[in-house]
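What follows is the content of my_file-v9.cif (mmCIF, C-alpha atoms).
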data_start
loop_
_atom_site.label_atom_id
_atom_site.label_comp_id
_atom_site.auth_asym_id
_atom_site.auth_seq_id
_atom_site.Cartn_x
_atom_site.Cartn_y
_atom_site.Cartn_z
CA MET A 1 61.97 100.13 196.79
CA THR A 2 61.50 97.81 193.84
CA HIS A 3 61.02 94.86 196.17
CA GLU A 4 58.12 96.72 197.82
CA PHE A 5 56.49 97.27 194.45
CA LYS A 6 57.01 93.58 193.67
CA GLU A 7 55.24 92.63 196.93
CA ILE A 8 52.37 94.97 196.06
CA ILE A 9 51.95 93.30 192.65
CA GLU A 10 51.96 89.83 194.25
CA ALA A 11 49.42 90.85 196.89
CA TYR A 12 47.17 92.53 194.32
CA SER A 13 47.32 89.48 192.06
CA ASN A 14 46.12 87.26 194.92
CA ALA A 15 43.41 89.75 195.90
CA LYS A 16 42.15 90.10 192.33
CA GLN A 17 41.74 86.34 192.07
CA LEU A 18 39.42 86.61 195.09
CA GLY A 19 37.49 89.44 193.47
CA MET A 20 38.73 92.14 195.87
CA SER A 21 39.33 95.71 194.75
CA ALA A 22 42.30 97.81 195.90
CA VAL A 23 43.71 101.30 196.08
CA LEU A 24 47.32 102.46 196.17
CA ALA A 25 48.73 105.18 198.42
CA THR A 26 52.00 106.83 197.33
CA VAL A 27 54.04 109.52 199.07
CA VAL A 28 54.63 112.00 196.24
CA ASP A 29 56.27 114.82 198.19
CA ILE A 30 57.35 115.89 201.66
CA GLU A 31 58.12 119.18 203.33
CA GLY A 32 60.49 118.81 206.26
CA SER A 33 61.38 115.50 207.89
CA SER A 34 59.62 112.16 207.44
CA TYR A 35 60.16 108.49 208.26
CA ARG A 36 60.15 107.44 204.59
CA ARG A 37 61.09 109.27 201.42
CA PRO A 38 58.83 110.14 198.48
CA GLY A 39 58.08 107.17 196.24
CA VAL A 40 57.14 104.69 198.95
CA GLY A 41 53.77 103.04 198.35
CA MET A 42 51.16 101.02 200.22
CA LEU A 43 48.37 98.84 198.83
CA ILE A 44 45.01 98.85 200.65
CA LEU A 45 42.51 96.07 199.94
CA GLU A 46 38.76 96.45 200.37
CA ASN A 47 38.92 94.20 203.45
CA ASN A 48 41.22 96.89 205.00
CA LYS A 49 44.34 94.77 204.77
CA MET A 50 47.41 96.89 204.05
CA ILE A 51 50.51 95.74 202.18
CA GLY A 52 53.56 97.91 202.72
CA ALA A 53 53.77 101.17 204.65
CA VAL A 54 54.20 104.86 203.94
CA SER A 55 55.64 105.72 207.34
CA GLY A 56 56.54 104.09 210.64
CA GLY A 57 52.94 103.14 211.44
CA CYS A 58 51.36 106.42 212.58
CA VAL A 59 50.20 107.68 209.18
CA GLU A 60 48.71 104.42 207.96
CA LYS A 61 45.47 104.66 209.98
CA GLU A 62 44.63 108.01 208.40
CA VAL A 63 45.52 106.66 204.94
CA LEU A 64 43.16 103.74 205.54
CA ARG A 65 40.36 106.11 206.55
CA GLN A 66 40.75 108.36 203.52
CA ALA A 67 41.13 105.37 201.21
CA GLN A 68 37.46 104.59 201.80
CA TYR A 69 36.50 107.66 199.76
CA VAL A 70 38.51 106.32 196.81
CA PHE A 71 36.89 102.88 197.08
CA VAL A 72 33.46 104.52 196.87
CA SER A 73 34.08 107.28 194.31
CA GLY A 74 36.78 105.68 192.17
CA LYS A 75 38.48 109.10 192.02
CA SER A 76 42.05 109.70 193.12
CA ARG A 77 42.44 111.68 196.33
CA MET A 78 45.29 113.87 197.57
CA MET A 79 45.88 113.55 201.31
CA THR A 80 48.11 115.76 203.43
CA TYR A 81 49.44 114.71 206.82
CA ASP A 82 51.21 117.12 209.16
CA GLY A 83 53.48 115.17 211.47
CA LYS A 84 54.50 118.12 213.62
CA TYR A 85 52.02 117.35 216.36
CA ARG A 86 51.49 113.62 215.84
CA LEU A 87 54.82 112.13 214.78
CA GLY A 88 57.39 114.27 216.50
CA CYS A 89 59.12 114.98 213.17
CA GLU A 90 58.20 118.25 211.55
CA GLY A 91 57.22 116.88 208.18
CA LEU A 92 54.26 117.52 205.92
CA LEU A 93 53.45 114.50 203.76
CA TYR A 94 51.57 114.61 200.46
CA ILE A 95 50.06 111.20 199.75
CA LEU A 96 48.15 110.34 196.59
CA ILE A 97 45.52 107.62 197.02
CA GLU A 98 44.38 106.17 193.70
CA LYS A 99 42.34 103.23 192.45
CA PHE A 100 44.59 100.28 191.61
CA ASP A 101 42.87 98.27 188.92
CA ILE A 102 45.00 96.38 186.41
CA THR A 103 44.25 93.27 184.37
CA PHE A 104 45.77 89.82 184.82
CA ALA A 105 47.56 90.33 181.49
CA THR A 106 49.16 93.50 182.86
CA ILE A 107 50.12 91.68 186.06
CA ASP A 108 51.82 88.95 184.03
CA ALA A 109 53.66 91.51 181.89
CA ILE A 110 54.94 93.34 184.98
CA LYS A 111 56.09 90.08 186.59
CA GLU A 112 57.93 89.07 183.41
CA HIS A 113 59.79 92.38 183.35
CA LEU A 114 60.70 92.11 187.03
CA VAL A 115 62.08 88.59 186.53
CA ALA A 116 64.08 89.80 183.51
CA ARG A 117 65.57 92.53 185.74
CA ILE A 118 64.55 95.35 183.41
CA PRO A 119 64.67 98.89 184.92
CA PHE A 120 61.42 100.80 184.75
CA ARG A 121 59.87 104.16 185.55
CA ILE A 122 56.77 105.10 187.52
CA GLU A 123 55.23 108.48 186.72
CA THR A 124 52.62 109.93 189.07
CA LEU A 125 50.54 112.97 188.13
CA TYR A 126 49.08 114.88 191.07
CA SER A 127 48.05 118.24 192.46
CA LYS A 128 48.73 119.51 195.97
CA THR A 129 45.84 121.93 195.76
CA MET A 130 43.07 119.53 194.71
CA VAL A 131 41.56 116.99 197.10
CA GLU A 132 39.87 114.84 194.46
CA GLU A 133 40.73 115.01 190.78
CA ILE A 134 39.99 112.45 188.08
CA GLY A 135 43.21 113.34 186.26
CA MET A 136 45.54 112.25 189.07
CA GLY A 137 47.17 108.83 188.90
CA SER A 138 50.18 106.77 187.89
CA ILE A 139 51.73 105.10 184.85
CA LEU A 140 54.38 102.39 184.82
CA ARG A 141 56.73 102.44 181.82
CA PHE A 142 59.12 99.75 180.57
CA GLY A 143 61.09 101.61 177.90
CA ASP A 144 59.35 103.91 175.46
CA ASP A 145 56.85 101.46 173.98
CA GLN A 146 55.30 99.67 176.97
CA GLN A 147 53.19 101.46 179.52
CA TYR A 148 50.61 100.33 182.05
CA TYR A 149 48.13 102.61 183.84
CA PHE A 150 47.55 101.79 187.50
CA SER A 151 43.90 102.35 186.75
CA GLU A 152 42.78 100.78 183.49
CA THR A 153 40.71 103.88 182.69
CA GLY A 154 43.97 105.57 181.66
CA ILE A 155 42.48 109.05 182.11
CA LEU A 156 45.27 111.33 183.36
CA ASP A 157 45.88 115.07 183.14
CA ASP A 158 49.42 115.67 181.89
CA THR A 159 49.23 119.34 182.90
CA LEU A 160 49.43 118.34 186.57
CA GLU A 161 52.64 118.17 188.54
CA SER A 162 54.62 114.97 187.87
CA PHE A 163 56.58 112.89 190.36
CA ASP A 164 58.74 110.39 188.47
CA ARG A 165 61.11 107.74 189.78
CA ASP A 166 63.45 105.44 187.92
CA MET A 167 63.31 102.00 189.52
CA GLN A 168 66.19 99.55 189.29
CA PRO A 169 65.80 95.74 189.44
CA CYS A 170 65.46 94.18 192.89
CA PHE A 171 68.82 94.02 194.60
CA ARG A 172 70.33 90.53 194.47
CA LEU A 173 72.96 88.79 196.56
CA VAL A 174 74.82 85.82 195.09
CA ILE A 175 76.41 83.63 197.78
CA ILE A 176 79.02 81.18 196.52
CA GLY A 177 79.33 78.58 199.24
CA THR A 178 77.13 76.40 201.44
CA GLU A 179 78.67 76.45 204.91
CA HIS A 180 76.83 77.57 208.06
CA ASP A 181 77.86 81.22 207.67
CA ALA A 182 76.44 81.23 204.13
CA GLU A 183 73.09 80.14 205.55
CA GLN A 184 73.15 82.99 208.09
CA LEU A 185 74.03 85.54 205.41
CA CYS A 186 71.20 84.20 203.26
CA LYS A 187 68.68 84.63 206.09
CA LEU A 188 69.72 88.21 206.77
CA ALA A 189 69.79 89.18 203.09
CA ALA A 190 66.30 87.72 202.62
CA ALA A 191 65.09 89.66 205.68
CA THR A 192 66.50 92.78 203.99
CA LYS A 193 64.22 91.88 201.05
CA TRP A 194 67.09 91.14 198.70
CA GLU A 195 66.79 88.33 196.20
CA VAL A 196 69.27 85.59 197.08
CA THR A 197 70.97 83.07 194.80
CA ILE A 198 73.10 80.25 196.24
CA VAL A 199 75.90 78.74 194.15
CA CYS A 200 77.40 75.35 194.99
CA SER A 201 79.28 72.60 193.20
CA PRO A 202 77.36 70.15 190.96
CA GLN A 203 78.02 67.32 193.41
CA HIS A 204 76.52 69.15 196.38
CA THR A 205 73.26 67.90 197.90
CA ALA A 206 72.08 71.28 199.20
CA THR A 207 68.49 72.32 198.42
CA LEU A 208 66.54 75.55 198.78
CA GLU A 209 65.11 74.20 202.03
CA ASP A 210 68.63 74.39 203.48
CA PHE A 211 68.74 78.14 202.79
CA PRO A 212 65.57 79.82 204.11
CA GLY A 213 64.80 82.92 202.08
CA ALA A 214 66.84 81.97 199.01
CA ASN A 215 65.16 82.36 195.62
CA LYS A 216 67.39 80.08 193.59
CA ILE A 217 70.20 77.56 193.93
CA LEU A 218 72.70 76.92 191.13
CA TYR A 219 74.83 73.77 190.90
CA ASN A 220 77.69 75.27 188.91
CA ALA A 221 81.36 74.40 188.86
CA PRO A 222 83.54 77.51 188.37
CA GLU A 223 84.06 76.79 184.67
CA ASP A 224 80.28 76.50 184.16
CA LEU A 225 79.21 79.45 186.27
CA GLU A 226 76.16 81.12 184.72
CA ILE A 227 74.44 83.94 186.58
CA GLU A 228 71.76 85.65 184.51
CA VAL A 229 71.87 89.42 184.08
CA MET A 230 74.97 90.28 186.08
CA ASP A 231 74.08 93.94 186.68
CA ARG A 232 75.01 96.69 189.13
CA GLN A 233 72.12 95.60 191.30
CA THR A 234 74.06 92.42 192.15
CA ALA A 235 76.55 91.72 194.94
CA ILE A 236 78.60 88.52 195.24
CA VAL A 237 80.17 87.00 198.34
CA LEU A 238 82.64 84.09 198.10
CA MET A 239 82.21 81.84 201.15
CA ASN A 240 83.76 78.50 200.17
CA HIS A 241 86.34 78.45 202.98
CA ASN A 242 88.58 76.93 200.35
CA PHE A 243 91.27 79.07 198.74
CA ALA A 244 91.46 77.09 195.50
CA LYS A 245 87.67 77.17 194.99
CA ASP A 246 87.45 80.88 195.71
CA LEU A 247 90.24 81.54 193.23
CA LEU A 248 88.54 79.52 190.49
CA TYR A 249 85.17 81.21 191.04
CA LEU A 250 86.85 84.61 191.14
CA GLN A 251 88.50 83.85 187.83
CA ALA A 252 85.11 82.81 186.40
CA LEU A 253 83.73 86.22 187.41
CA LYS A 254 86.51 88.30 185.86
CA ASN A 255 84.34 89.67 183.06
CA ALA A 256 81.39 90.46 185.30
CA ILE A 257 80.79 93.92 186.74
CA PRO A 258 78.54 93.57 189.79
CA ILE A 259 78.57 96.36 192.36
CA TYR A 260 80.42 94.35 195.02
CA ILE A 261 82.48 91.18 195.43
CA GLY A 262 83.27 90.12 198.99
CA VAL A 263 85.81 87.51 200.10
CA LEU A 264 86.28 86.08 203.57
CA GLY A 265 89.49 85.95 205.55
CA PRO A 266 92.26 88.40 206.39
CA ALA A 267 93.73 91.00 204.07
CA LYS A 268 96.67 88.69 203.30
CA ARG A 269 94.25 86.12 201.89
CA ARG A 270 92.73 88.75 199.59
CA GLU A 271 96.17 89.75 198.34
CA LYS A 272 97.04 86.11 197.74
CA LEU A 273 93.78 85.65 195.79
CA LEU A 274 94.51 88.70 193.65
CA SER A 275 98.06 87.51 193.01
CA GLY A 276 96.77 84.09 191.94
CA LEU A 277 94.10 85.71 189.78
CA LEU A 278 96.68 87.81 187.94
CA ASP A 279 98.83 84.72 187.43
CA TYR A 280 95.88 82.94 185.79
CA SER A 281 94.70 85.91 183.72
CA THR A 282 96.69 88.89 182.53
CA ASP A 283 93.61 90.75 181.27
CA ILE A 284 92.12 91.51 184.70
CA THR A 285 91.00 95.14 184.78
CA GLU A 286 91.52 97.64 187.58
CA GLU A 287 87.76 98.15 187.61
CA PHE A 288 87.24 94.48 188.48
CA ILE A 289 89.92 94.50 191.20
CA ALA A 290 88.29 97.56 192.78
CA LEU A 291 85.08 95.56 193.22
CA ILE A 292 86.77 93.03 195.50
CA HIS A 293 86.35 93.69 199.21
CA GLY A 294 88.36 91.59 201.60
CA PRO A 295 87.98 91.00 204.41
CA ALA A 296 84.28 91.40 203.59
CA GLY A 297 82.30 93.46 206.07
CA LEU A 298 82.54 96.55 208.24
CA ASN A 299 84.59 96.78 211.40
CA LEU A 300 81.80 96.12 213.91
CA GLY A 301 83.69 93.70 216.14
CA ALA A 302 81.63 90.85 214.67
CA GLU A 303 82.50 87.36 215.89
CA THR A 304 79.61 84.96 215.35
CA PRO A 305 78.32 83.93 211.88
CA GLU A 306 75.19 86.02 212.50
CA GLU A 307 77.23 89.10 213.45
CA ILE A 308 79.56 88.63 210.49
CA ALA A 309 76.52 88.46 208.22
CA ILE A 310 75.34 91.80 209.65
CA SER A 311 78.74 93.39 208.99
CA ILE A 312 78.78 92.12 205.38
CA ILE A 313 75.23 93.33 204.68
CA ALA A 314 76.14 96.70 206.22
CA GLU A 315 79.19 97.05 203.99
CA ILE A 316 77.22 96.15 200.86
CA LEU A 317 74.60 98.77 201.81
CA SER A 318 77.31 101.39 202.25
CA VAL A 319 78.63 100.58 198.76
CA ILE A 320 75.15 100.70 197.19
CA ARG A 321 74.33 104.02 198.85
CA GLU A 322 77.83 105.42 198.30
CA GLN A 323 78.19 106.19 202.00
CA ASP A 324 81.16 106.33 204.37
CA PRO A 325 79.68 104.53 207.41
CA ILE A 326 79.58 106.66 210.57
CA PRO A 327 77.26 106.81 213.60
CA LEU A 328 74.17 108.82 212.67
CA HIS A 329 74.66 111.18 215.63
CA LYS A 330 77.91 112.30 213.98
CA LYS A 331 76.28 112.98 210.62
CA LYS A 332 75.61 116.60 209.82
CA GLY A 333 72.28 117.48 208.28
CA ALA A 334 69.36 115.19 207.50
CA ILE A 335 69.38 111.44 208.16
CA HIS A 336 68.43 110.67 204.55
CA ASP A 337 70.45 112.09 201.70
CA THR A 338 68.39 113.55 198.89
CA PRO A 339 68.03 110.92 196.12
CA LYS A 340 70.05 111.64 193.00
CA LYS A 341 68.14 113.28 190.17
CA LYS A 342 68.56 113.06 186.42
CA ASP A 343 66.61 116.29 186.18
CA LYS A 344 64.39 118.29 188.48
CA ASN A 345 61.49 115.83 188.25
CA VAL A 346 63.08 112.38 188.04
CA ILE A 347 64.39 110.60 191.15
CA ILE A 348 66.74 107.65 190.76
CA TYR A 349 66.43 104.82 193.31
CA LYS A 350 69.60 102.76 193.34
CA ALA A 351 68.16 99.71 195.14
#

As structure tokens - that is how I would like this structure written.
Amino acid sequence: MTHEFKEIIEAYSNAKQLGMSAVLATVVDIEGSSYRRPGVGMLILENNKMIGAVSGGCVEKEVLRQAQYVFVSGKSRMMTYDGKYRLGCEGLLYILIEKFDITFATIDAIKEHLVARIPFRIETLYSKTMVEEIGMGSILRFGDDQQYYFSETGILDDTLESFDRDMQPCFRLVIIGTEHDAEQLCKLAAATKWEVTIVCSPQHTATLEDFPGANKILYNAPEDLEIEVMDRQTAIVLMNHNFAKDLLYLQALKNAIPIYIGVLGPAKRREKLLSGLLDYSTDITEEFIALIHGPAGLNLGAETPEEIAISIIAEILSVIREQDPIPLHKKKGAIHDTPKKKDKNVIIYKA
């Protein structure tokens, strides 16, 4: 959900430059079933434009209506929405609507941290029993020494219930290769709201315009490969269609620990790549080898570049979410697994 928060910051920055005020609606708790999980947020501008969503579209109209009270009073407001009769899913949503009013300096600081791929925490103080309460609201924390109130008044009641979530950097896909299938994978990854980096050789003439949705293009030979902040929020797919190039780039990545490395081609090609890698370097770890998925993708019967891209994205998602892919009608229990918790109050969002 970090990418959604990033979009909210961008939209608010543009609105603030036009002198428009805004409020933020956040799902802080649910009872029963709901379309989205707690933590999802939506920005509402004073011209009634909404950025993001807290559900599938049914709840948003009521959020917009109740947001008008917050625009007028400046006080946070707790909204409850019972979906039993209106949504078809028996869920009760608790949504905090609060004034969103941060300075340009705070906006810049948040953007800098997002670019640097620094994890952060959002803490929201709320009460289910109070409709309007001046002490309800949210704080964003980067480490222990930097915090930013969503409302610059900074008046919060720490005796209220707290909903905290640890947010990881935006998920990033690094595509090494520039063929047609790389372009299709880039489009789909961008549509999934992942950040996309394209890597090609220094001699290549490719530009960002050739890869709609990409955020960055690197002209790096294998020996000069430099990908900033290679974290567990990064997946890599080798798509050179050239065995020697894939082997050299794979060797260049040997000390990196992303969450996923995908290679194209049959299983025999993967084994040949691993054999060549071990011939080049004797210090390859088992942890690194376990990251390599080949053939990349899930068994969906994919044939076209677009379908193959879908199967690769699906496999990466299954790795991120630590799921064994099955049809949902065969899954026992709820559709969404409960997010992992560090303690009873802190939810960890992996991507």

Test item: residues at most 9 Å from Thr285 in chain A, only C-alpha atoms, excluding those fewer than 4 positions along its chain, as a ChimeraX atom specification = /A:254-255,289-290

Residue with smallest distance to Gln66 in chain A - pool A:Glu183, A:Asp231, A:Glu123, A:Glu98, counting all atoms listed in the file | A:Glu98

Edge lengths and centre in Å, axis-aligned, range 14-32 of chain A plus 6 Å each side, as JSON:
{"center_x": 49.0, "center_y": 102.8, "center_z": 199.2, "size_x": 35.0, "size_y": 44.8, "size_z": 26.2}

Counting only C-alpha atoms, what is within 9 Å of Asp29 in chain A, bar same-chain residues fewer than 2 positions away, as a VMD selection string?
-> chain A and resid 27 31 37 to 39 92 to 95 163

Taking the point (34.4, 101.9, 190.0) as given in the file, collect each protein or nucleic acid residue that comes within 10 Å of it, counting all atoms listed in the file, and present the set as a PyMOL selection string.
-> chain A and resi 21+70-75+99+101+153

Selection: 10 Å around Pro202 in chain A, all atoms listed in the file, excl. self and same-chain fewer than 3 positions, as a list in words = Val199, Thr205, Ala206, Leu218, Tyr219, Asn220, Ala221, Pro222 and Asp224 of chain A

Go through A:Pro305, A:Gly135, A:Gly52, A:Pro266 and flag the residue nearest Cys186 in chain A, using only C-alpha atoms for the distances.
->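 Checking each candidate against Cys186 in chain A, we get A:Pro305 as the closest.
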
Give as a ChimeraX atom specification the residues that the PyMOL selection byres ((chain A and resi 102) around 12) matches when applied to the coordinates above.
-> /A:9,12-13,15-17,21-24,99-101,103-110,138-140,147-154

Can you pull out every residue within 8 Å of Leu114 in chain A, counting only C-alpha atoms, but drop anything in the same chain fewer than 6 positions away, and send it as a PDB file with C-alpha atoms, in the coordinates of the input?
ATOM      1  CA  LYS A   6      57.010  93.580 193.670  1.00  0.00           C
ATOM      2  CA  PRO A 169      65.800  95.740 189.440  1.00  0.00           C
ATOM      3  CA  CYS A 170      65.460  94.180 192.890  1.00  0.00           C
TER       4      CYS A 170
END

Here CA of Leu160 in chain A and CA of Thr80 in chain A stand apart by 17.1 Å

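Shortest separation to Gln251 in chain A among A:Glu271, A:Glu132, A:Asp279, A:Glu315 occurs at residue A:Asp279, atoms counted being all atoms listed in the file.
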
Nearest to Thr2 in chain A among A:Val115, A:Ala25, A:Leu96, A:Leu45, with distances taken over only C-alpha atoms: which residue is it?
->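 Of all the options, A:Val115 lies closest to Thr2 in chain A.
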
Identify which of the residues A:Leu188, A:Met42, A:Thr26, A:His204 lies closest to Tyr126 in chain A, counting only C-alpha atoms when measuring atom-to-atom distances.
->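 Counting only C-alpha atoms, the residue closest to Tyr126 in chain A is A:Thr26.
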
Which residues fall under the PyMOL selection byres ((chain A and resi 263) around 10) in this file, as a list in words?
-> Ile176, Ile236, Val237, Leu238, Met239, Asn240, His241, Asp246, Leu250, Ile261, Gly262, Leu264, Gly265, Pro266, Ala267, Arg269, Arg270, Leu273, Ile292, His293, Gly294, Pro295, Ala296, Gly297 and Ile312 of chain A
